[in-house]
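Below is data-v7.csv, holding CSV, C-alpha atoms.
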```
chain,number,residue,atom,x,y,z
A,1,MET,CA,-4.5,16.9,-20.7
A,2,LYS,CA,-2.3,14.1,-22.0
A,3,GLY,CA,-0.4,11.2,-20.6
A,4,ALA,CA,-0.9,10.3,-16.9
A,5,LEU,CA,-3.3,13.2,-16.4
A,6,SER,CA,-5.6,12.4,-19.4
A,7,TRP,CA,-9.4,11.8,-18.7
A,8,PRO,CA,-9.3,7.9,-18.8
A,9,PHE,CA,-6.6,7.9,-16.2
A,10,LEU,CA,-8.3,10.5,-14.1
A,11,ARG,CA,-11.3,8.3,-14.0
A,12,LEU,CA,-9.2,5.4,-12.7
A,13,TYR,CA,-7.7,7.6,-10.1
A,14,GLY,CA,-11.2,8.5,-8.9
A,15,LEU,CA,-12.1,4.9,-8.6
A,16,THR,CA,-9.0,4.3,-6.6
A,17,LEU,CA,-10.0,7.1,-4.2
A,18,LEU,CA,-13.4,5.7,-3.7
A,19,TYR,CA,-12.1,2.1,-3.2
A,20,PHE,CA,-9.7,3.1,-0.4
A,21,SER,CA,-12.1,5.4,1.4
A,22,ALA,CA,-13.4,2.5,3.4
A,23,ASN,CA,-10.0,1.6,4.8
A,24,ALA,CA,-9.3,5.2,5.9
A,25,ILE,CA,-12.4,4.9,8.2
A,26,LEU,CA,-11.8,1.3,9.2
A,27,ASN,CA,-8.2,1.9,10.3
A,28,VAL,CA,-9.5,4.1,13.1
A,29,ILE,CA,-12.8,2.4,13.9
A,30,LEU,CA,-11.6,-1.2,14.2
A,31,PRO,CA,-8.8,-0.7,16.8
A,32,LEU,CA,-11.0,1.4,18.9
A,33,GLN,CA,-13.9,-1.0,18.6
A,34,GLY,CA,-11.5,-3.9,19.3
A,35,GLN,CA,-10.3,-2.3,22.5
A,36,SER,CA,-13.8,-1.5,23.6
A,37,LEU,CA,-14.6,-5.3,23.2
A,38,GLY,CA,-11.6,-6.2,25.4
A,39,ALA,CA,-9.2,-7.3,22.7
A,40,THR,CA,-5.5,-7.2,23.4
A,41,ASN,CA,-3.0,-5.5,21.1
A,42,ALA,CA,-2.0,-8.8,19.7
A,43,THR,CA,-5.6,-9.6,18.8
A,44,ILE,CA,-6.1,-6.2,17.3
A,45,GLY,CA,-2.9,-6.6,15.3
A,46,ILE,CA,-4.0,-9.9,13.9
A,47,ILE,CA,-7.4,-8.6,12.8
A,48,MET,CA,-5.8,-5.5,11.2
A,49,GLY,CA,-2.9,-7.5,9.7
A,50,ALA,CA,-5.2,-10.1,8.2
A,51,TYR,CA,-6.2,-7.6,5.5
A,52,LEU,CA,-2.8,-7.1,3.8
A,53,PHE,CA,-1.5,-10.6,4.8
A,54,THR,CA,-4.3,-12.0,2.6
A,55,THR,CA,-3.5,-9.4,-0.1
A,56,MET,CA,0.1,-10.6,0.0
A,57,LEU,CA,-0.9,-14.2,-0.6
A,58,PHE,CA,-3.1,-13.4,-3.6
A,59,ARG,CA,-1.0,-10.7,-5.4
A,60,PRO,CA,1.1,-13.1,-7.5
A,61,TRP,CA,-1.9,-15.0,-8.7
A,62,ALA,CA,-3.7,-11.7,-9.3
A,63,GLY,CA,-0.9,-10.6,-11.6
A,64,LEU,CA,-1.0,-13.9,-13.5
A,65,LEU,CA,-4.9,-13.9,-13.9
A,66,ILE,CA,-4.9,-10.2,-14.9
A,67,GLN,CA,-2.3,-11.0,-17.5
A,68,LYS,CA,-4.5,-13.9,-18.7
A,69,TYR,CA,-8.0,-12.4,-18.6
A,70,GLY,CA,-7.4,-8.6,-18.7
A,71,PRO,CA,-7.9,-6.0,-15.9
A,72,ILE,CA,-11.5,-4.9,-16.7
A,73,ARG,CA,-13.0,-8.4,-16.4
A,74,VAL,CA,-11.2,-9.0,-13.1
A,75,LEU,CA,-12.0,-5.5,-11.8
A,76,ARG,CA,-15.7,-5.9,-12.2
A,77,THR,CA,-15.8,-9.3,-10.5
A,78,ILE,CA,-13.8,-8.1,-7.5
A,79,LEU,CA,-15.8,-5.0,-6.8
A,80,ALA,CA,-18.9,-7.1,-6.2
A,81,VAL,CA,-17.0,-9.2,-3.6
A,82,ASN,CA,-15.6,-6.0,-2.0
A,83,GLY,CA,-19.2,-4.8,-1.5
A,84,LEU,CA,-20.1,-7.9,0.4
A,85,ALA,CA,-17.0,-7.5,2.6
A,86,LEU,CA,-17.9,-3.9,3.5
A,87,LEU,CA,-21.4,-5.1,4.5
A,88,LEU,CA,-20.0,-7.6,6.9
A,89,TYR,CA,-18.5,-4.8,9.1
A,90,THR,CA,-22.0,-3.4,9.7
A,91,PHE,CA,-23.5,-6.3,11.7
A,92,THR,CA,-20.7,-8.5,13.0
A,93,GLY,CA,-18.1,-8.6,15.9
A,94,LEU,CA,-14.4,-9.5,16.2
A,95,GLU,CA,-14.8,-12.8,14.3
A,96,GLY,CA,-16.7,-11.1,11.5
A,97,TYR,CA,-14.2,-8.3,11.3
A,98,PHE,CA,-11.5,-10.9,10.8
A,99,ILE,CA,-13.4,-12.6,7.9
A,100,ALA,CA,-14.2,-9.2,6.4
A,101,ARG,CA,-10.6,-8.2,6.5
A,102,MET,CA,-9.6,-11.3,4.7
A,103,LEU,CA,-12.2,-10.8,2.0
A,104,GLN,CA,-11.1,-7.2,1.6
A,105,GLY,CA,-7.5,-8.4,1.3
A,106,VAL,CA,-8.4,-10.7,-1.6
A,107,CYS,CA,-10.2,-7.8,-3.3
A,108,THR,CA,-7.4,-5.4,-2.8
A,109,ALA,CA,-4.9,-7.8,-4.3
A,110,PHE,CA,-6.8,-7.9,-7.6
A,111,PHE,CA,-8.0,-4.3,-7.5
A,112,SER,CA,-4.6,-2.7,-7.1
A,113,MET,CA,-2.8,-5.1,-9.5
A,114,ALA,CA,-5.5,-4.5,-12.2
A,115,LEU,CA,-5.2,-0.7,-12.0
A,116,GLN,CA,-1.4,-0.5,-11.6
A,117,LEU,CA,-0.6,-3.0,-14.3
A,118,GLY,CA,-3.1,-1.3,-16.6
A,119,ILE,CA,-1.5,2.1,-15.9
A,120,ILE,CA,2.0,0.7,-16.4
A,121,ASP,CA,1.1,-1.0,-19.8
A,122,ALA,CA,-0.8,2.0,-21.1
A,123,LEU,CA,1.7,4.8,-20.4
A,124,PRO,CA,5.0,5.5,-22.2
A,125,ASP,CA,8.3,5.0,-20.2
A,126,GLU,CA,8.7,8.7,-19.4
A,127,ASP,CA,5.2,9.0,-17.9
A,128,ARG,CA,5.3,5.7,-16.0
A,129,SER,CA,6.5,7.1,-12.7
A,130,GLN,CA,3.9,9.8,-12.8
A,131,GLY,CA,1.1,7.3,-13.4
A,132,ILE,CA,2.2,5.1,-10.5
A,133,SER,CA,2.6,8.2,-8.3
A,134,MET,CA,-0.9,9.5,-9.1
A,135,TYR,CA,-2.4,6.1,-8.4
A,136,SER,CA,-0.6,6.0,-5.0
A,137,LEU,CA,-1.6,9.6,-4.3
A,138,CYS,CA,-5.3,8.8,-4.8
A,139,ALA,CA,-5.0,5.7,-2.7
A,140,SER,CA,-3.7,7.9,0.1
A,141,MET,CA,-6.1,10.9,-0.3
A,142,PRO,CA,-8.9,9.3,1.7
A,143,GLY,CA,-6.5,9.2,4.7
A,144,VAL,CA,-6.7,13.0,4.8
A,145,ILE,CA,-10.3,13.2,5.9
A,146,GLY,CA,-11.2,9.6,6.7
A,147,PRO,CA,-9.6,9.5,10.2
A,148,LEU,CA,-11.5,12.6,11.3
A,149,LEU,CA,-14.8,11.2,10.0
A,150,ALA,CA,-14.1,7.9,11.8
A,151,LEU,CA,-13.3,9.6,15.1
A,152,GLY,CA,-16.5,11.7,14.8
A,153,MET,CA,-18.5,8.5,14.2
A,154,TRP,CA,-16.9,6.9,17.2
A,155,GLN,CA,-17.4,9.8,19.5
A,156,THR,CA,-21.1,10.1,18.7
A,157,GLY,CA,-21.6,6.5,19.8
A,158,ASP,CA,-24.0,6.0,16.9
A,159,LEU,CA,-22.6,3.2,14.7
A,160,HIS,CA,-25.6,3.6,12.3
A,161,ILE,CA,-23.6,6.4,10.7
A,162,PHE,CA,-20.7,3.9,10.2
A,163,THR,CA,-23.1,1.4,8.7
A,164,ALA,CA,-24.5,4.0,6.2
A,165,SER,CA,-21.0,5.0,5.2
A,166,MET,CA,-19.9,1.5,4.4
A,167,ILE,CA,-23.0,0.9,2.3
A,168,ALA,CA,-22.6,4.2,0.4
A,169,ILE,CA,-18.9,3.5,-0.3
A,170,ALA,CA,-19.7,-0.1,-1.6
A,171,VAL,CA,-22.4,1.2,-4.0
A,172,LEU,CA,-20.5,4.2,-5.3
A,173,THR,CA,-17.3,2.1,-5.9
A,174,GLY,CA,-19.3,-0.5,-7.7
A,175,ALA,CA,-21.1,2.1,-9.9
A,176,VAL,CA,-17.9,3.8,-10.9
A,177,GLY,CA,-15.9,0.6,-11.4
A,178,TYR,CA,-18.4,-1.0,-13.7
A,179,SER,CA,-18.4,2.0,-16.0
A,180,ALA,CA,-14.6,2.4,-16.0
A,181,LYS,CA,-12.7,1.7,-19.2
A,182,MET,CA,-9.1,1.2,-20.2
A,183,ASP,CA,-7.1,1.5,-23.3
A,184,LYS,CA,-8.0,-1.4,-25.6
A,185,LYS,CA,-4.5,-2.7,-25.6
A,186,THR,CA,-4.5,-2.7,-21.8
A,187,ALA,CA,-8.0,-4.0,-21.2
A,188,GLU,CA,-7.7,-7.1,-23.4
A,189,PRO,CA,-5.8,-10.2,-22.3
A,190,ALA,CA,-2.4,-10.3,-23.9
A,191,ALA,CA,-2.0,-12.8,-26.7
A,192,GLY,CA,-0.2,-15.9,-25.5
A,193,SER,CA,0.0,-14.5,-22.0
A,194,THR,CA,-0.2,-17.9,-20.4
A,195,LYS,CA,2.9,-19.0,-22.3
A,196,GLN,CA,4.8,-15.8,-21.3
A,197,GLY,CA,4.2,-16.1,-17.6
A,198,VAL,CA,6.7,-18.1,-15.6
A,199,THR,CA,5.5,-20.8,-13.2
A,200,MET,CA,4.5,-19.5,-9.8
A,201,MET,CA,7.1,-21.5,-7.9
A,202,ASN,CA,9.8,-20.2,-10.2
A,203,SER,CA,8.6,-16.7,-9.6
A,204,PHE,CA,8.9,-17.0,-5.8
A,205,GLY,CA,12.5,-18.1,-6.4
A,206,GLN,CA,13.1,-14.8,-8.2
A,207,LEU,CA,12.7,-13.0,-4.9
A,208,VAL,CA,16.2,-14.3,-4.0
A,209,ARG,CA,17.8,-14.9,-7.4
A,210,ASN,CA,17.0,-11.6,-9.0
A,211,PRO,CA,19.2,-9.0,-7.2
A,212,HIS,CA,17.0,-6.1,-8.2
A,213,LEU,CA,13.8,-7.7,-6.9
A,214,PHE,CA,15.6,-8.9,-3.7
A,215,LYS,CA,16.9,-5.4,-2.8
A,216,CYS,CA,13.7,-3.6,-3.5
A,217,SER,CA,11.6,-6.3,-1.7
A,218,VAL,CA,13.7,-6.2,1.5
A,219,LEU,CA,13.6,-2.4,1.6
A,220,MET,CA,9.8,-2.4,1.0
A,221,LEU,CA,9.2,-5.1,3.6
A,222,ALA,CA,11.1,-3.2,6.4
A,223,ALA,CA,9.5,0.1,5.6
A,224,SER,CA,6.0,-1.3,5.4
A,225,LEU,CA,6.5,-3.0,8.8
A,226,VAL,CA,7.0,0.5,10.2
A,227,PHE,CA,4.0,1.9,8.3
A,228,GLY,CA,1.9,-1.0,9.5
A,229,ALA,CA,2.8,-0.4,13.2
A,230,VAL,CA,1.8,3.2,12.9
A,231,THR,CA,-1.5,2.6,11.1
A,232,THR,CA,-2.5,-0.1,13.6
A,233,PHE,CA,-1.6,1.3,16.9
A,234,ILE,CA,-1.6,5.1,16.5
A,235,PRO,CA,-5.3,5.3,17.4
A,236,LEU,CA,-4.4,3.7,20.8
A,237,TYR,CA,-1.0,5.3,21.3
A,238,ALA,CA,-2.2,8.8,20.7
A,239,ALA,CA,-4.2,8.8,24.0
A,240,LEU,CA,-0.9,8.4,25.9
A,241,VAL,CA,0.8,11.4,24.2
A,242,GLN,CA,0.2,14.8,25.8
A,243,GLY,CA,-1.7,16.8,23.2
A,244,GLY,CA,-1.8,13.8,20.9
A,245,ASN,CA,-4.8,13.1,18.6
A,246,ALA,CA,-4.9,10.0,16.4
A,247,ALA,CA,-7.2,11.7,13.8
A,248,VAL,CA,-4.9,14.7,13.5
A,249,TYR,CA,-1.8,12.4,13.2
A,250,LEU,CA,-3.3,10.2,10.5
A,251,MET,CA,-4.7,13.2,8.6
A,252,LEU,CA,-1.3,15.0,8.8
A,253,GLN,CA,0.6,11.9,7.6
A,254,ALA,CA,-1.9,11.3,4.7
A,255,ALA,CA,-1.9,15.0,3.7
A,256,THR,CA,1.9,14.9,3.5
A,257,VAL,CA,1.7,11.8,1.4
A,258,VAL,CA,-0.7,13.4,-1.0
A,259,LEU,CA,1.2,16.7,-1.2
A,260,ALA,CA,4.6,15.0,-1.6
A,261,ARG,CA,3.4,12.6,-4.2
A,262,PHE,CA,1.9,15.4,-6.3
A,263,LEU,CA,4.8,17.8,-5.9
A,264,CYS,CA,7.5,15.2,-6.4
A,265,ARG,CA,5.8,13.1,-9.0
A,266,LYS,CA,8.3,14.3,-11.7
A,267,SER,CA,11.3,14.1,-9.5
A,268,ILE,CA,10.9,10.3,-8.9
A,269,PRO,CA,13.5,8.5,-11.0
A,270,SER,CA,12.1,7.0,-14.2
A,271,ASP,CA,15.2,5.9,-16.0
A,272,GLY,CA,15.8,2.3,-14.8
A,273,LYS,CA,18.9,3.2,-12.7
A,274,TRP,CA,19.5,2.7,-9.0
A,275,HIS,CA,19.8,6.0,-7.2
A,276,SER,CA,21.5,5.1,-3.9
A,277,LEU,CA,21.5,8.5,-2.3
A,278,PHE,CA,17.8,9.1,-3.1
A,279,VAL,CA,16.7,5.8,-1.6
A,280,MET,CA,19.0,6.2,1.4
A,281,GLY,CA,17.5,9.6,2.1
A,282,ILE,CA,14.0,8.1,2.1
A,283,MET,CA,15.1,5.4,4.6
A,284,LEU,CA,16.7,8.1,6.8
A,285,LEU,CA,13.4,10.0,6.9
A,286,LEU,CA,11.6,6.8,7.9
A,287,SER,CA,14.0,6.1,10.8
A,288,VAL,CA,13.9,9.6,12.1
A,289,SER,CA,10.1,9.7,11.9
A,290,ALA,CA,9.8,6.4,13.9
A,291,PHE,CA,12.1,7.8,16.5
A,292,CYS,CA,10.1,11.0,16.8
A,293,VAL,CA,6.9,9.0,17.4
A,294,SER,CA,8.6,6.8,20.0
A,295,PHE,CA,9.9,9.9,21.9
A,296,ALA,CA,6.5,11.6,21.8
A,297,MET,CA,5.5,10.2,25.2
A,298,THR,CA,8.3,12.1,26.7
A,299,GLY,CA,8.7,15.0,24.3
A,300,GLY,CA,5.0,15.7,23.6
A,301,MET,CA,3.0,16.5,20.6
A,302,LEU,CA,5.7,18.4,18.7
A,303,PHE,CA,7.7,15.1,18.2
A,304,PHE,CA,4.4,13.2,17.6
A,305,TYR,CA,3.3,15.4,14.7
A,306,THR,CA,6.8,15.9,13.3
A,307,GLY,CA,7.0,12.1,13.0
A,308,ALA,CA,3.7,12.2,11.1
A,309,VAL,CA,5.1,14.6,8.5
A,310,LEU,CA,8.4,12.8,8.0
A,311,MET,CA,6.8,9.5,7.8
A,312,GLY,CA,4.4,10.8,5.2
A,313,VAL,CA,7.2,12.0,3.0
A,314,ALA,CA,9.0,8.7,3.3
A,315,GLN,CA,5.8,6.8,2.5
A,316,ALA,CA,5.1,9.1,-0.5
A,317,LEU,CA,8.4,8.5,-2.2
A,318,LEU,CA,9.5,5.0,-1.4
A,319,TYR,CA,6.8,2.9,-3.1
A,320,PRO,CA,6.6,4.7,-6.5
A,321,THR,CA,10.5,4.9,-6.6
A,322,LEU,CA,11.0,1.2,-6.1
A,323,THR,CA,8.0,0.1,-8.3
A,324,THR,CA,9.1,2.3,-11.2
A,325,TYR,CA,12.7,1.0,-11.0
A,326,LEU,CA,11.4,-2.6,-11.1
A,327,THR,CA,9.2,-2.0,-14.2
A,328,PHE,CA,12.4,-1.2,-16.1
A,329,VAL,CA,14.8,-3.9,-14.8
A,330,LEU,CA,12.5,-7.0,-14.5
A,331,PRO,CA,12.2,-9.4,-17.4
A,332,GLN,CA,9.3,-8.4,-19.6
A,333,ALA,CA,7.8,-11.9,-19.9
A,334,SER,CA,7.4,-12.3,-16.1
A,335,ARG,CA,7.1,-8.7,-15.1
A,336,ASN,CA,3.5,-8.7,-14.0
A,337,VAL,CA,3.9,-11.7,-11.7
A,338,LEU,CA,7.2,-10.4,-10.3
A,339,VAL,CA,5.8,-6.9,-9.7
A,340,GLY,CA,2.9,-8.7,-7.9
A,341,LEU,CA,5.5,-10.4,-5.7
A,342,PHE,CA,7.2,-7.1,-4.9
A,343,ILE,CA,3.9,-5.5,-3.9
A,344,ALA,CA,3.2,-8.6,-1.8
A,345,THR,CA,6.3,-7.8,0.3
A,346,ALA,CA,4.8,-4.4,1.1
A,347,ASP,CA,1.5,-6.1,2.1
A,348,LEU,CA,3.5,-8.6,4.3
A,349,GLY,CA,5.4,-5.7,6.0
A,350,VAL,CA,2.2,-3.8,6.9
A,351,SER,CA,0.7,-7.1,8.3
A,352,LEU,CA,3.8,-7.8,10.4
A,353,GLY,CA,3.6,-4.2,11.7
A,354,GLY,CA,0.4,-5.3,13.4
A,355,MET,CA,0.9,-9.0,14.1
A,356,VAL,CA,4.5,-8.8,15.3
A,357,MET,CA,4.6,-5.4,16.9
A,358,GLY,CA,1.3,-6.0,18.8
A,359,PRO,CA,2.7,-8.6,21.1
A,360,ILE,CA,5.9,-6.5,21.6
A,361,ALA,CA,3.7,-3.6,22.7
A,362,ASP,CA,1.8,-5.9,25.1
A,363,PHE,CA,5.0,-7.0,26.8
A,364,SER,CA,6.8,-3.7,26.7
A,365,SER,CA,5.3,-0.4,25.5
A,366,TYR,CA,4.2,1.4,22.4
A,367,SER,CA,7.2,3.7,22.8
A,368,PHE,CA,9.7,0.8,22.9
A,369,MET,CA,8.0,-0.8,19.9
A,370,TYR,CA,8.4,2.4,17.8
A,371,ARG,CA,12.1,2.6,18.8
A,372,LEU,CA,12.6,-0.8,17.4
A,373,CYS,CA,11.0,0.5,14.2
A,374,ALA,CA,13.5,3.4,14.1
A,375,ILE,CA,16.4,0.9,14.5
A,376,LEU,CA,15.1,-1.2,11.6
A,377,GLY,CA,14.8,1.9,9.4
A,378,ALA,CA,18.4,2.9,10.2
A,379,LEU,CA,19.7,-0.6,9.2
A,380,MET,CA,17.9,-0.2,5.8
A,381,ILE,CA,19.9,3.0,5.1
A,382,LEU,CA,23.0,0.8,4.9
A,383,PHE,CA,21.2,-1.8,2.9
A,384,ALA,CA,20.1,0.7,0.3
A,385,TYR,CA,23.7,1.7,-0.5
A,386,GLY,CA,25.0,0.6,-3.9
A,387,GLY,CA,23.3,-0.9,-6.9
A,388,ALA,CA,21.7,-4.3,-7.2
A,389,GLY,CA,24.2,-5.2,-9.9
A,390,GLY,CA,23.6,-7.1,-13.2
A,391,ARG,CA,21.4,-6.2,-16.1
A,392,TYR,CA,18.3,-8.2,-17.0
A,393,PRO,CA,16.7,-9.0,-20.3
A,394,SER,CA,14.2,-6.2,-20.2
A,395,GLN,CA,17.2,-3.8,-20.4
A,396,VAL,CA,18.9,-5.4,-23.3
A,397,LYS,CA,17.9,-4.4,-26.8
A,398,PRO,CA,16.8,-7.4,-28.9
A,399,THR,CA,19.0,-8.4,-31.7
A,400,LYS,CA,17.7,-9.1,-35.2
A,401,LYS,CA,17.5,-12.7,-36.2
A,402,ARG,CA,19.4,-13.9,-39.3
A,403,ARG,CA,17.3,-15.3,-42.1
```
Have the structure of the file written as structure tokens, please.
Amino acid sequence: MKGALSWPFLRLYGLTLLYFSANAILNVILPLQGQSLGATNATIGIIMGAYLFTTMLFRPWAGLLIQKYGPIRVLRTILAVNGLALLLYTFTGLEGYFIARMLQGVCTAFFSMALQLGIIDALPDEDRSQGISMYSLCASMPGVIGPLLALGMWQTGDLHIFTASMIAIAVLTGAVGYSAKMDKKTAEPAAGSTKQGVTMMNSFGQLVRNPHLFKCSVLMLAASLVFGAVTTFIPLYAALVQGGNAAVYLMLQAATVVLARFLCRKSIPSDGKWHSLFVMGIMLLLSVSAFCVSFAMTGGMLFFYTGAVLMGVAQALLYPTLTTYLTFVLPQASRNVLVGLFIATADLGVSLGGMVMGPIADFSSYSFMYRLCAILGALMILFAYGGAGGRYPSQVKPTKKRR
């Protein structure tokens, strides 16, 4: 096989699957464990949100350091830290969970940036969206079986199984990661990369000044807030839905993400153009899915699981669509850092899904909170209309210099 499905890339996808396996289990265990320890929704939201909030803060620097030192060197260092973070979950309480989530957040910032930037740089333009989709697919695959395993661990009441699983994931991820290789051009630091990168403060300004980055970031922030609210509180909300099961919901959503990303990987635009109707359709799916989840307390499990499928499709398509678009339209010299900023908005959104929506659920209800998510998704349908405007240096063919 060639391109995005060649053996070196399949190995990287396998590493991605292993790395995110821990989170598929933790996303169910931690809210249940927090509730059993007497934590409020706000506290659970803060603990869960600390993971991707920390990831958001470190992503821009991750892009810059990877550009300077190369993805392989960064990857091997961060996998060792990730192993320590997973071990913390096995013998600590709420405070330890918070610290472990932050450590995991730092690791994920560097891990995901190293793999995604490596894939982007190594693949030709026509295969780029497939590579990003396959990476996203493998990051989602653990969610198919992870929730069921986590619920089984919880129901047995024997957390020694949980401890053994965290240790096993840490060891396997480290072993595969230390033996992983990338294309020489991708693995080595770029020549003069420190001169090519823009200053970090200037990069943050691009979130507003660059219309392409601004539009994609706002859409990703809003959608991720909805995704985060679902991930954090579905394990608790499902108990209030007649016929609802958190593990089945999360497995169904993850399976839909995996299937949609695989089947639609060639349909995701990879031409550097803004496809308004395509993005608006994704945001419509997001809004309808959140409404179905909010109505599930009254309508029952049919609405509950319909929401899981629709949200899985939206989640599968939005991230690779926006990321691929940005890799074409962002300036080449600062692309790594700016892509890092964009992905950071996704992390921020997931964090806010727990941190902001937790207190709302405390003061109202889960159903009301998910209705707010549906309204936010509907507003983003309008925001997605029309192009971002303007053409940036990465789209302009260089002119020959006169001698």
task = Check the smallest atom-to-atom distance from each of A:Leu117, A:Ile343, A:Val257, A:Ile46 to A:Gln67 using only C-alpha atoms, then report the winner.
result =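 Closest residue, counting only C-alpha atoms: A:Leu117.
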request  = Around the point (16.8, 6.3, 0.6), in the coordinates given by the file, pick out the residues reaching within 9 Å, counting all atoms listed in the file, and return them as an MDAnalysis selection string.
outcome  = chainID A and resid 275:286 314 318 380:381 384:385
task = Within 6 Å of stretch 168-182 of chain A, counting all atoms listed in the file, which residues show up once you throw out same-chain ones fewer than 3 positions away? Write them as number ranges by chain, please.
result = A: 18-19, 76, 79, 83, 165, 187
task = Quick one: pull the distance between atom CA of A:Leu263 and atom CA of A:Arg11, Å, one decimal.
result = 20.4 Å
message = Report as number ranges by chain all protein, DNA and RNA residues lying within 9 Å of A:Pro235, evaluated on all atoms listed in the file, omitting residues in the same chain fewer than 2 positions from it.
response = A: 27-29, 31-32, 230-233, 237-239, 245-247, 249-250
Need to verify the contact set: A:Leu252, 9 Å, all atoms listed in the file, exclusion of same-chain residues closer than 6 positions in sequence. Can you return it as a PDB file with C-alpha atoms, in the coordinates of the input?
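Wrote it out as selection30.pdb, contents follow:
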```pdb
ATOM      1  CA  GLY A 143      -6.500   9.200   4.700  1.00  0.00           C
ATOM      2  CA  VAL A 144      -6.700  13.000   4.800  1.00  0.00           C
ATOM      3  CA  TYR A 305       3.300  15.400  14.700  1.00  0.00           C
ATOM      4  CA  ALA A 308       3.700  12.200  11.100  1.00  0.00           C
ATOM      5  CA  VAL A 309       5.100  14.600   8.500  1.00  0.00           C
ATOM      6  CA  GLY A 312       4.400  10.800   5.200  1.00  0.00           C
TER       7      GLY A 312
END
```
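Distances to A:Gln130 were evaluated for A:Cys264, A:Ala229, A:Ala42, A:Ile161 using only C-alpha atoms, and the minimum falls at A:Cys264.
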message = I'd like the interatomic distance between atom CA of A:Gly63 and atom CA of A:Gly340, to a tenth of an Å.
response =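 Separation between atom CA of A:Gly63 and atom CA of A:Gly340: 5.6 Å.
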query = When you draw a straight line from atom CA of A:Gly131 to atom CA of A:Ala346, how long is it in Å?
reply = 19.0 Å
Given only C-alpha atoms as the counted atoms, nearest of A:Gly49, A:Gly386, A:Pro269, A:Gly14 to A:Leu326 =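 The answer is A:Pro269, which sits nearest to A:Leu326.
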message = Considering all atoms listed in the file, can you say which of A:Ala122, A:Met56, A:Leu310, A:Met301 comes closest to A:Ala109?
response =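 Nearest to A:Ala109: A:Met56.
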List the spatial neighbours of A:Tyr89 as a PDB file with C-alpha atoms, keeping the file's coordinate frame - criterion: any atom at most 12 Å away, only C-alpha atoms, same-chain residues fewer than 5 positions off excluded.
```pdb
ATOM      1  CA  ALA A  22     -13.400   2.500   3.400  1.00  0.00           C
ATOM      2  CA  ASN A  23     -10.000   1.600   4.800  1.00  0.00           C
ATOM      3  CA  ILE A  25     -12.400   4.900   8.200  1.00  0.00           C
ATOM      4  CA  LEU A  26     -11.800   1.300   9.200  1.00  0.00           C
ATOM      5  CA  ILE A  29     -12.800   2.400  13.900  1.00  0.00           C
ATOM      6  CA  LEU A  30     -11.600  -1.200  14.200  1.00  0.00           C
ATOM      7  CA  GLN A  33     -13.900  -1.000  18.600  1.00  0.00           C
ATOM      8  CA  ASN A  82     -15.600  -6.000  -2.000  1.00  0.00           C
ATOM      9  CA  GLY A  83     -19.200  -4.800  -1.500  1.00  0.00           C
ATOM     10  CA  LEU A  84     -20.100  -7.900   0.400  1.00  0.00           C
ATOM     11  CA  LEU A  94     -14.400  -9.500  16.200  1.00  0.00           C
ATOM     12  CA  GLU A  95     -14.800 -12.800  14.300  1.00  0.00           C
ATOM     13  CA  GLY A  96     -16.700 -11.100  11.500  1.00  0.00           C
ATOM     14  CA  TYR A  97     -14.200  -8.300  11.300  1.00  0.00           C
ATOM     15  CA  PHE A  98     -11.500 -10.900  10.800  1.00  0.00           C
ATOM     16  CA  ILE A  99     -13.400 -12.600   7.900  1.00  0.00           C
ATOM     17  CA  ALA A 100     -14.200  -9.200   6.400  1.00  0.00           C
ATOM     18  CA  ARG A 101     -10.600  -8.200   6.500  1.00  0.00           C
ATOM     19  CA  MET A 102      -9.600 -11.300   4.700  1.00  0.00           C
ATOM     20  CA  LEU A 103     -12.200 -10.800   2.000  1.00  0.00           C
ATOM     21  CA  GLN A 104     -11.100  -7.200   1.600  1.00  0.00           C
ATOM     22  CA  LEU A 159     -22.600   3.200  14.700  1.00  0.00           C
ATOM     23  CA  HIS A 160     -25.600   3.600  12.300  1.00  0.00           C
ATOM     24  CA  PHE A 162     -20.700   3.900  10.200  1.00  0.00           C
ATOM     25  CA  THR A 163     -23.100   1.400   8.700  1.00  0.00           C
ATOM     26  CA  ALA A 164     -24.500   4.000   6.200  1.00  0.00           C
ATOM     27  CA  SER A 165     -21.000   5.000   5.200  1.00  0.00           C
ATOM     28  CA  MET A 166     -19.900   1.500   4.400  1.00  0.00           C
ATOM     29  CA  ILE A 167     -23.000   0.900   2.300  1.00  0.00           C
ATOM     30  CA  ALA A 170     -19.700  -0.100  -1.600  1.00  0.00           C
TER      31      ALA A 170
END
```
